[in-house]
Each structure stands twice: as structure tokens, then as C-alpha cells.
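The block underneath contains the structure these notes are about, expressed in C-alpha cells.
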Amino acid sequence: MNEPPATPEHAGAGGRACDPVTGWDRATVIHALAAAARREREARIDQLVLIARAAEVWSWIDNIDHVVDAMSIDPDPGPGRLDAGSSGVGERLWQYGADGSPEASEFLRFEVGPALGISPDAAAVLIGNVLDLRHRLPGLWAHIEHDQVPGWVGCKVAELTRAATLTVERCRELDRQLALRAPGLPPGAILNRAKRLISILDPASTEARRRHGLAARFVQFYPDRDPDGAGTLNLRAQLNGPEGLDLEATINALADVLDIIEPDTTRPVLRAKALELLADPARAAAILTGDLTTLTPDLNPDASSQATAPRSTGDMTQHGLREPAVPAAALDPA
């Protein structure tokens, strides 16, 4: 699209200002951009619909003469694995989706993947999403076909229901409630509503997943991989939801106080400093109650010399990483 349409309007007629080199005016460019975005959305919808058609075409196998009993493979294969009644040799049927979605040939992913320029494994996930949308979430699928819900959002909902191991009946109920309000909602709102519906429709599984997450809680500190040894520290953690939100609220409250003293400091840095203050709970509590003398040397002269004194030797000073303690025996030459 290097040249604009050859009409007087696009050449600046009617008072429109246009580029003297390309001939494009502002309105024409934006209209063309909107049209390109619409074509892109339509193409993505076409891809999903064609994957559904391909699953229908590949829903049977053509080597029936070689079918053998495969019950010994796995009586309960689960999603994305070979069906126990599938062919033991040659082409076999594959369960791409979850409960209620039909099978399709295992070779389908090797056809869809190259056609879309993705790996067979990624194609298998996409095929499963499309099949689950058509057969477990038909209302959401209809909205996708009519460009009322983005296809990627529908695929994410399908993945959520599959991860939650929702039965087809519960999934249909989720679809009924979600499809009523999905058109017009932003993607985040659709996904959050889907998560809430999953927790309501299957509380037992939701509680099991919650307990599993609680059992996997952790806090991990690890030094920055900066070759210069700047002494910064990275943090990763998985916490219980309510306590994690309380911790974030405390960090934000401390950052608000710091913002008064350091108005030119960015919010991410203020939050990092607030988290560092929690290393001294008494000091953090005093700051939250209005005692700012521990924050600024000007207000607390005694704190000035303490603030500049390193806590350890070497590159890891007060504001960096502490050096590990060295056992006394390691310092004894004997």
C-alpha cells in the first residue's frame, strides 16, 4: 500500500491537508488502518473456523485394516493423549480437547502446524481450544465467529476450563452465563468472570487447586546477574492471596510516605525501597504512624552517620547484598 487511491479527495481536495510526497491525508490513513485491522480480525476468525473444519475432515482414520486393540496403552488417556480404543499402529485418533469434545486424527497437528507456521505441539493446543469452544462453549464460539469476542480470549477461556477439568455439563453452564455479557466486555473482564464462574461451578476442584498452591508457597532471593557486581537482589515469591494483598497494601502505604520525601523518584523504585524498609519492622511501623525521623538525616542527625556506614565490607554495602558470615574456624590458619 505505497500509493493512495487516485481521487481528488485524497490529493488534498476539500480543504484536507495531505502529505506532498505520498498524497495521503490524515483521515485516509486512519480509515485505511482501521480497514487493515478489520481484515486482520477477519483472517484470525477464518483461521479458527478452518481449524474446526479441518478437525471434522480429520475426524476419522483411513487405516481400519490395521486397527489393533490398544487397551493396554492406557485405559484413561486424558486430554491430548491417545484414546484407549484408537489404532495401535498407523494413523490414530487423538483427544485434543476435554470432556465433550470429539477426537481427531493425530496427524492433524502436523498439518495445521506448518500451515500456521507454529510447532505441532502449539497446533495441538490450538486444535483443542477450537474443539472445546465449538462443543463445550458454543455461545462463546458464536460470539467469536461474529467478531464480538476476540478469538484469543475464547481460546484462553477454553484453556481455563480444561485446566480446571470441568465436565461438559458444567462447562455448558459457564458458557451460558459468560456468553450473556461477554460481547462488549474487555478481555480482562471476560477472563476474570470465567475464573469466578469456574470457582462457583466447581468449588471442590477450586479448593483443591488452592490447597495445592498453598503447599507450593515460596520466597526466593537471588543476586542480579550483573557482571559488574552491583549488589542488587532479585525476589520471587508465591504467597497466599489475602496475605499477599495485605503485604502489597503495606508496601504501597510506605511508598506513599516516601513519595512525600522523594517526589522525583519513580513509583517502582519507591515500592522497592518500601519493601526494603520492611527488613526493619519497628522502623517501618514508626514510619507508618507518622515518625519520619528515621527516614531523613536532616530530621535525625544521629541517623546520618549510621546511614552512611556500611553494614559489611567489599562491594555489598548497606544498600546491597550482605556478605555471608565467615566461620571463625576458616580464619584460623591452624
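FYI, nothing fancy with the C-alpha cells labels: chains A, B, ... in order, residues from 1 per chain, ligands from 1 as they appear.
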
Non-local contacts of A:Leu185 (12 Å; only C-alpha atoms; under 5 positions in same chain excluded) as number ranges by chain: A: 143, 148-150, 153, 178-180, 190-193

Write out as a VMD selection string the set of residues from stretch 70-226 of chain A that DSSP, computed on the backbone, places in strand (DSSP E or B). chain A and resid 82 93 to 94 104 to 105 218 to 223

What's the 8 Å shell around A:Leu201, counting only C-alpha atoms, without same-chain residues fewer than 2 positions away, as an NGL selection string? :A and (170 or 174 or 197-199 or 203)

Which polymer residues have any atom within 9 Å of an atom of A:Ile45, counting only C-alpha atoms, with same-chain residues fewer than 2 positions away left out, as a count of residues only? 14

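With only C-alpha atoms as the atoms that count, the residue of A:Val130, A:Leu33, A:Val125, A:Ala163 with the shortest distance to A:Arg209 is A:Ala163.
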
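Coordinates place atom CA of A:Arg109 at a distance of 5.3 Å from atom CA of A:Ala124.
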
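For the set A:Gly100, A:Gly241, A:Gly154, A:Gly139, the residue with the smallest atom-to-atom gap to A:Leu126 is A:Gly154, counting only C-alpha atoms.
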
Determine which residues of stretch 28-252 of chain A DSSP labels as alpha helix (DSSP H) from the backbone of this structure, then write them out as a short mmCIF file (atom, residue, chain, number, x, y, z; two decimals) with N, CA and C atoms, in the first residue's frame.
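What follows is the written file out-v8.cif:
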```cif
data_model
loop_
_atom_site.label_atom_id
_atom_site.label_comp_id
_atom_site.auth_asym_id
_atom_site.auth_seq_id
_atom_site.Cartn_x
_atom_site.Cartn_y
_atom_site.Cartn_z
N THR A 28 -7.59 9.63 5.61
CA THR A 28 -7.45 8.46 4.75
C THR A 28 -6.55 7.41 5.39
N VAL A 29 -5.46 7.86 6.01
CA VAL A 29 -4.55 6.92 6.66
C VAL A 29 -5.26 6.16 7.78
N ILE A 30 -6.01 6.87 8.61
CA ILE A 30 -6.69 6.22 9.74
C ILE A 30 -7.76 5.26 9.24
N HIS A 31 -8.51 5.65 8.21
CA HIS A 31 -9.52 4.74 7.65
C HIS A 31 -8.86 3.50 7.09
N ALA A 32 -7.73 3.66 6.43
CA ALA A 32 -7.02 2.50 5.88
C ALA A 32 -6.49 1.61 6.99
N LEU A 33 -6.01 2.24 8.07
CA LEU A 33 -5.52 1.46 9.20
C LEU A 33 -6.64 0.66 9.84
N ALA A 34 -7.80 1.29 10.03
CA ALA A 34 -8.95 0.59 10.61
C ALA A 34 -9.38 -0.57 9.72
N ALA A 35 -9.35 -0.36 8.40
CA ALA A 35 -9.72 -1.43 7.48
C ALA A 35 -8.73 -2.59 7.55
N ALA A 36 -7.45 -2.28 7.71
CA ALA A 36 -6.44 -3.33 7.83
C ALA A 36 -6.63 -4.13 9.12
N ALA A 37 -6.97 -3.42 10.21
CA ALA A 37 -7.23 -4.12 11.48
C ALA A 37 -8.45 -5.02 11.37
N ARG A 38 -9.48 -4.54 10.66
CA ARG A 38 -10.67 -5.36 10.47
C ARG A 38 -10.35 -6.61 9.66
N ARG A 39 -9.53 -6.46 8.61
CA ARG A 39 -9.16 -7.62 7.81
C ARG A 39 -8.33 -8.62 8.63
N GLU A 40 -7.50 -8.09 9.52
CA GLU A 40 -6.70 -8.98 10.37
C GLU A 40 -7.60 -9.78 11.30
N ARG A 41 -8.60 -9.12 11.91
CA ARG A 41 -9.53 -9.82 12.80
C ARG A 41 -10.30 -10.89 12.02
N GLU A 42 -10.75 -10.52 10.82
CA GLU A 42 -11.49 -11.48 10.00
C GLU A 42 -10.62 -12.67 9.62
N ALA A 43 -9.34 -12.41 9.34
CA ALA A 43 -8.43 -13.50 8.99
C ALA A 43 -8.22 -14.44 10.17
N ARG A 44 -8.12 -13.89 11.37
CA ARG A 44 -7.95 -14.74 12.56
C ARG A 44 -9.19 -15.58 12.82
N ILE A 45 -10.36 -14.98 12.60
CA ILE A 45 -11.60 -15.75 12.74
C ILE A 45 -11.63 -16.87 11.72
N ASP A 46 -11.25 -16.55 10.48
CA ASP A 46 -11.23 -17.56 9.42
C ASP A 46 -10.29 -18.72 9.79
N GLN A 47 -9.17 -18.40 10.40
CA GLN A 47 -8.24 -19.46 10.80
C GLN A 47 -8.88 -20.42 11.80
N LEU A 48 -9.56 -19.86 12.80
CA LEU A 48 -10.20 -20.72 13.80
C LEU A 48 -11.31 -21.56 13.18
N VAL A 49 -12.10 -20.95 12.31
CA VAL A 49 -13.18 -21.69 11.65
C VAL A 49 -12.61 -22.80 10.77
N LEU A 50 -11.53 -22.52 10.07
CA LEU A 50 -10.93 -23.53 9.21
C LEU A 50 -10.29 -24.66 10.01
N ILE A 51 -9.77 -24.33 11.20
CA ILE A 51 -9.27 -25.40 12.07
C ILE A 51 -10.41 -26.31 12.49
N ALA A 52 -11.56 -25.71 12.78
CA ALA A 52 -12.73 -26.53 13.14
C ALA A 52 -13.14 -27.41 11.96
N ARG A 53 -13.12 -26.87 10.74
CA ARG A 53 -13.45 -27.68 9.57
C ARG A 53 -12.43 -28.78 9.37
N ALA A 54 -11.15 -28.47 9.58
CA ALA A 54 -10.11 -29.48 9.44
C ALA A 54 -10.30 -30.61 10.44
N ALA A 55 -10.73 -30.27 11.66
CA ALA A 55 -10.97 -31.32 12.66
C ALA A 55 -12.09 -32.24 12.23
N GLU A 56 -13.08 -31.69 11.53
CA GLU A 56 -14.16 -32.53 11.01
C GLU A 56 -13.63 -33.47 9.92
N VAL A 57 -12.81 -32.94 9.03
CA VAL A 57 -12.27 -33.75 7.93
C VAL A 57 -11.33 -34.83 8.46
N LEU A 108 -3.37 -34.48 12.41
CA LEU A 108 -3.91 -33.15 12.13
C LEU A 108 -2.96 -32.07 12.61
N ARG A 109 -2.33 -32.27 13.75
CA ARG A 109 -1.44 -31.24 14.27
C ARG A 109 -0.21 -31.04 13.38
N PHE A 110 0.17 -32.09 12.65
CA PHE A 110 1.30 -31.97 11.73
C PHE A 110 0.91 -31.28 10.42
N GLU A 111 -0.39 -31.14 10.19
CA GLU A 111 -0.87 -30.39 9.03
C GLU A 111 -1.15 -28.93 9.41
N VAL A 112 -1.78 -28.73 10.56
CA VAL A 112 -2.14 -27.38 10.99
C VAL A 112 -0.90 -26.57 11.37
N GLY A 113 0.05 -27.22 12.04
CA GLY A 113 1.25 -26.52 12.47
C GLY A 113 1.99 -25.82 11.35
N PRO A 114 2.42 -26.56 10.31
CA PRO A 114 3.12 -25.90 9.21
C PRO A 114 2.26 -24.86 8.48
N ALA A 115 0.95 -25.12 8.39
CA ALA A 115 0.08 -24.17 7.70
C ALA A 115 0.05 -22.81 8.41
N LEU A 116 0.18 -22.83 9.74
CA LEU A 116 0.15 -21.59 10.52
C LEU A 116 1.54 -21.11 10.92
N PRO A 120 4.03 -28.41 16.01
CA PRO A 120 2.92 -29.35 16.17
C PRO A 120 2.31 -29.32 17.56
N ASP A 121 3.15 -29.12 18.58
CA ASP A 121 2.62 -29.05 19.95
C ASP A 121 1.73 -27.83 20.13
N ALA A 122 2.17 -26.68 19.61
CA ALA A 122 1.34 -25.49 19.70
C ALA A 122 0.06 -25.67 18.89
N ALA A 123 0.16 -26.34 17.75
CA ALA A 123 -1.03 -26.61 16.95
C ALA A 123 -2.00 -27.51 17.69
N ALA A 124 -1.47 -28.49 18.43
CA ALA A 124 -2.35 -29.39 19.19
C ALA A 124 -3.14 -28.63 20.24
N VAL A 125 -2.49 -27.67 20.91
CA VAL A 125 -3.20 -26.85 21.91
C VAL A 125 -4.28 -26.02 21.23
N LEU A 126 -3.95 -25.43 20.09
CA LEU A 126 -4.91 -24.60 19.37
C LEU A 126 -6.10 -25.43 18.88
N ILE A 127 -5.84 -26.62 18.37
CA ILE A 127 -6.93 -27.51 17.92
C ILE A 127 -7.82 -27.85 19.11
N GLY A 128 -7.21 -28.16 20.25
CA GLY A 128 -8.01 -28.46 21.44
C GLY A 128 -8.87 -27.29 21.86
N ASN A 129 -8.32 -26.07 21.78
CA ASN A 129 -9.10 -24.89 22.13
C ASN A 129 -10.30 -24.71 21.21
N VAL A 130 -10.07 -24.88 19.91
CA VAL A 130 -11.16 -24.71 18.95
C VAL A 130 -12.24 -25.77 19.17
N LEU A 131 -11.84 -27.02 19.37
CA LEU A 131 -12.82 -28.07 19.60
C LEU A 131 -13.60 -27.83 20.89
N ASP A 132 -12.92 -27.38 21.93
CA ASP A 132 -13.61 -27.10 23.18
C ASP A 132 -14.57 -25.92 23.03
N LEU A 133 -14.17 -24.92 22.26
CA LEU A 133 -15.06 -23.79 22.03
C LEU A 133 -16.32 -24.23 21.28
N ARG A 134 -16.15 -25.03 20.27
CA ARG A 134 -17.31 -25.46 19.46
C ARG A 134 -18.25 -26.37 20.24
N HIS A 135 -17.70 -27.26 21.04
CA HIS A 135 -18.52 -28.31 21.64
C HIS A 135 -18.77 -28.12 23.14
N ARG A 136 -17.94 -27.33 23.81
CA ARG A 136 -18.15 -27.10 25.25
C ARG A 136 -18.56 -25.66 25.54
N PRO A 138 -20.29 -23.30 23.13
CA PRO A 138 -20.87 -22.88 21.84
C PRO A 138 -21.30 -21.43 21.80
N GLY A 139 -21.76 -20.90 22.92
CA GLY A 139 -22.17 -19.50 22.93
C GLY A 139 -21.00 -18.56 22.71
N LEU A 140 -19.89 -18.85 23.37
CA LEU A 140 -18.69 -18.05 23.18
C LEU A 140 -18.15 -18.21 21.76
N TRP A 141 -18.24 -19.43 21.23
CA TRP A 141 -17.80 -19.68 19.86
C TRP A 141 -18.60 -18.84 18.87
N ALA A 142 -19.90 -18.72 19.09
CA ALA A 142 -20.74 -17.92 18.20
C ALA A 142 -20.33 -16.45 18.23
N HIS A 143 -20.00 -15.96 19.43
CA HIS A 143 -19.54 -14.57 19.53
C HIS A 143 -18.23 -14.37 18.79
N ILE A 144 -17.35 -15.36 18.84
CA ILE A 144 -16.07 -15.26 18.13
C ILE A 144 -16.32 -15.23 16.62
N GLU A 145 -17.21 -16.09 16.14
CA GLU A 145 -17.50 -16.12 14.71
C GLU A 145 -18.06 -14.79 14.21
N GLY A 151 -10.82 -13.97 19.34
CA GLY A 151 -10.58 -15.41 19.34
C GLY A 151 -9.60 -15.85 20.40
N TRP A 152 -8.56 -15.04 20.65
CA TRP A 152 -7.57 -15.45 21.63
C TRP A 152 -8.17 -15.48 23.04
N VAL A 153 -9.15 -14.62 23.30
CA VAL A 153 -9.81 -14.63 24.60
C VAL A 153 -10.62 -15.92 24.77
N GLY A 154 -11.35 -16.30 23.71
CA GLY A 154 -12.09 -17.55 23.77
C GLY A 154 -11.17 -18.74 23.98
N CYS A 155 -10.01 -18.73 23.31
CA CYS A 155 -9.06 -19.83 23.49
C CYS A 155 -8.55 -19.88 24.92
N LYS A 156 -8.32 -18.72 25.52
CA LYS A 156 -7.86 -18.68 26.90
C LYS A 156 -8.93 -19.22 27.85
N VAL A 157 -10.19 -18.88 27.59
CA VAL A 157 -11.28 -19.42 28.42
C VAL A 157 -11.33 -20.94 28.28
N ALA A 158 -11.17 -21.45 27.06
CA ALA A 158 -11.16 -22.89 26.85
C ALA A 158 -10.03 -23.55 27.63
N GLU A 159 -8.86 -22.91 27.66
CA GLU A 159 -7.74 -23.46 28.41
C GLU A 159 -8.03 -23.46 29.91
N LEU A 160 -8.69 -22.40 30.40
CA LEU A 160 -9.03 -22.34 31.82
C LEU A 160 -9.99 -23.47 32.20
N THR A 161 -10.99 -23.71 31.38
CA THR A 161 -11.96 -24.77 31.70
C THR A 161 -11.30 -26.14 31.60
N ARG A 162 -10.38 -26.28 30.67
CA ARG A 162 -9.69 -27.57 30.53
C ARG A 162 -8.75 -27.81 31.71
N ALA A 163 -8.05 -26.76 32.14
CA ALA A 163 -7.15 -26.90 33.30
C ALA A 163 -7.93 -27.20 34.57
N VAL A 168 -18.40 -31.45 30.81
CA VAL A 168 -19.06 -30.75 29.72
C VAL A 168 -20.33 -30.06 30.20
N GLU A 169 -21.02 -30.66 31.17
CA GLU A 169 -22.25 -30.04 31.68
C GLU A 169 -21.94 -28.74 32.40
N ARG A 170 -20.93 -28.75 33.27
CA ARG A 170 -20.56 -27.52 33.98
C ARG A 170 -19.99 -26.49 33.02
N CYS A 171 -19.29 -26.94 32.02
CA CYS A 171 -18.73 -26.02 31.05
C CYS A 171 -19.85 -25.34 30.24
N ARG A 172 -20.87 -26.09 29.90
CA ARG A 172 -22.02 -25.50 29.18
C ARG A 172 -22.72 -24.44 30.05
N GLU A 173 -22.80 -24.70 31.36
CA GLU A 173 -23.42 -23.72 32.25
C GLU A 173 -22.56 -22.47 32.33
N LEU A 174 -21.25 -22.65 32.41
CA LEU A 174 -20.34 -21.49 32.39
C LEU A 174 -20.53 -20.71 31.09
N ASP A 175 -20.62 -21.42 30.00
CA ASP A 175 -20.79 -20.77 28.70
C ASP A 175 -22.07 -19.98 28.64
N ARG A 176 -23.14 -20.54 29.19
CA ARG A 176 -24.43 -19.86 29.15
C ARG A 176 -24.36 -18.53 29.90
N GLN A 177 -23.72 -18.53 31.07
CA GLN A 177 -23.64 -17.31 31.86
C GLN A 177 -22.62 -16.33 31.29
N LEU A 178 -21.53 -16.85 30.78
CA LEU A 178 -20.49 -15.97 30.26
C LEU A 178 -20.91 -15.33 28.95
N ALA A 179 -21.58 -16.08 28.10
CA ALA A 179 -21.96 -15.56 26.78
C ALA A 179 -22.98 -14.43 26.87
N LEU A 180 -23.72 -14.35 27.98
CA LEU A 180 -24.73 -13.30 28.12
C LEU A 180 -24.10 -11.92 28.16
N ARG A 181 -22.90 -11.81 28.75
CA ARG A 181 -22.30 -10.49 28.96
C ARG A 181 -20.98 -10.31 28.23
N PRO A 187 -11.17 -7.83 27.39
CA PRO A 187 -10.67 -9.20 27.57
C PRO A 187 -10.42 -9.57 29.03
N GLY A 188 -9.83 -8.66 29.80
CA GLY A 188 -9.56 -8.97 31.20
C GLY A 188 -10.82 -9.27 31.99
N ALA A 189 -11.89 -8.52 31.73
CA ALA A 189 -13.14 -8.74 32.43
C ALA A 189 -13.75 -10.09 32.07
N ILE A 190 -13.64 -10.48 30.80
CA ILE A 190 -14.16 -11.79 30.39
C ILE A 190 -13.41 -12.90 31.09
N LEU A 191 -12.10 -12.82 31.14
CA LEU A 191 -11.30 -13.87 31.76
C LEU A 191 -11.53 -13.92 33.27
N ASN A 192 -11.64 -12.77 33.91
CA ASN A 192 -11.90 -12.76 35.35
C ASN A 192 -13.27 -13.35 35.66
N ARG A 193 -14.24 -13.03 34.83
CA ARG A 193 -15.57 -13.60 35.05
C ARG A 193 -15.54 -15.10 34.84
N ALA A 194 -14.80 -15.57 33.85
CA ALA A 194 -14.69 -17.02 33.63
C ALA A 194 -14.06 -17.70 34.84
N LYS A 195 -13.04 -17.09 35.43
CA LYS A 195 -12.39 -17.67 36.60
C LYS A 195 -13.36 -17.74 37.78
N ARG A 196 -14.14 -16.67 37.97
CA ARG A 196 -15.11 -16.69 39.06
C ARG A 196 -16.16 -17.76 38.85
N LEU A 197 -16.63 -17.90 37.61
CA LEU A 197 -17.64 -18.92 37.33
C LEU A 197 -17.08 -20.32 37.55
N ILE A 198 -15.83 -20.53 37.20
CA ILE A 198 -15.21 -21.84 37.44
C ILE A 198 -15.18 -22.15 38.93
N SER A 199 -14.83 -21.16 39.74
CA SER A 199 -14.77 -21.39 41.19
C SER A 199 -16.15 -21.65 41.77
N ILE A 200 -17.19 -21.06 41.17
CA ILE A 200 -18.56 -21.28 41.66
C ILE A 200 -19.08 -22.63 41.21
N LEU A 201 -18.82 -22.99 39.97
CA LEU A 201 -19.38 -24.21 39.41
C LEU A 201 -18.67 -25.46 39.91
N PRO A 203 -16.53 -25.86 43.11
CA PRO A 203 -15.80 -25.40 44.30
C PRO A 203 -14.82 -26.42 44.84
N ALA A 204 -15.12 -27.70 44.71
CA ALA A 204 -14.22 -28.71 45.25
C ALA A 204 -12.87 -28.69 44.53
N SER A 205 -12.93 -28.65 43.21
CA SER A 205 -11.68 -28.61 42.45
C SER A 205 -10.94 -27.29 42.67
N THR A 206 -11.70 -26.21 42.81
CA THR A 206 -11.07 -24.92 43.07
C THR A 206 -10.35 -24.93 44.40
N GLU A 207 -10.97 -25.52 45.41
CA GLU A 207 -10.33 -25.61 46.73
C GLU A 207 -9.10 -26.50 46.68
N ALA A 208 -9.19 -27.58 45.90
CA ALA A 208 -8.02 -28.47 45.77
C ALA A 208 -6.86 -27.73 45.11
N ARG A 209 -7.16 -26.93 44.08
CA ARG A 209 -6.10 -26.17 43.43
C ARG A 209 -5.53 -25.11 44.38
N ARG A 210 -6.41 -24.52 45.21
CA ARG A 210 -5.93 -23.53 46.16
C ARG A 210 -4.98 -24.16 47.17
N ARG A 211 -5.37 -25.32 47.68
CA ARG A 211 -4.50 -26.01 48.65
C ARG A 211 -3.18 -26.41 48.01
N HIS A 212 -3.25 -26.81 46.76
CA HIS A 212 -2.02 -27.17 46.05
C HIS A 212 -1.11 -25.95 45.92
N GLY A 213 -1.71 -24.80 45.61
CA GLY A 213 -0.92 -23.58 45.52
C GLY A 213 -0.33 -23.17 46.84
N LEU A 214 -1.11 -23.34 47.94
CA LEU A 214 -0.59 -23.01 49.26
C LEU A 214 0.58 -23.90 49.64
N ALA A 215 0.49 -25.16 49.26
CA ALA A 215 1.57 -26.09 49.57
C ALA A 215 2.84 -25.77 48.79
N GLY A 241 -3.19 -15.57 48.81
CA GLY A 241 -3.78 -14.38 48.22
C GLY A 241 -4.07 -13.25 49.19
N PRO A 242 -4.86 -13.46 50.24
CA PRO A 242 -5.19 -12.36 51.16
C PRO A 242 -3.97 -11.74 51.82
N GLU A 243 -3.05 -12.58 52.30
CA GLU A 243 -1.85 -12.04 52.94
C GLU A 243 -0.97 -11.31 51.93
N GLY A 244 -0.93 -11.83 50.69
CA GLY A 244 -0.17 -11.16 49.66
C GLY A 244 -0.72 -9.78 49.36
N LEU A 245 -2.05 -9.65 49.33
CA LEU A 245 -2.67 -8.34 49.10
C LEU A 245 -2.41 -7.40 50.27
N ASP A 246 -2.42 -7.95 51.49
CA ASP A 246 -2.10 -7.12 52.66
C ASP A 246 -0.66 -6.61 52.57
N LEU A 247 0.25 -7.49 52.16
CA LEU A 247 1.65 -7.08 52.01
C LEU A 247 1.77 -5.98 50.96
N GLU A 248 1.08 -6.11 49.85
CA GLU A 248 1.13 -5.08 48.81
C GLU A 248 0.58 -3.76 49.33
N ALA A 249 -0.50 -3.83 50.12
CA ALA A 249 -1.08 -2.61 50.67
C ALA A 249 -0.09 -1.91 51.60
N THR A 250 0.65 -2.69 52.40
CA THR A 250 1.65 -2.12 53.29
C THR A 250 2.78 -1.48 52.49
N ILE A 251 3.23 -2.16 51.44
CA ILE A 251 4.28 -1.60 50.58
C ILE A 251 3.81 -0.30 49.95
N ASN A 252 2.58 -0.26 49.48
CA ASN A 252 2.04 0.97 48.87
C ASN A 252 1.93 2.10 49.89
#
```

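Interatomic distance, atom CA of A:Gly231 to atom CA of A:Lys273: 14.8 Å.
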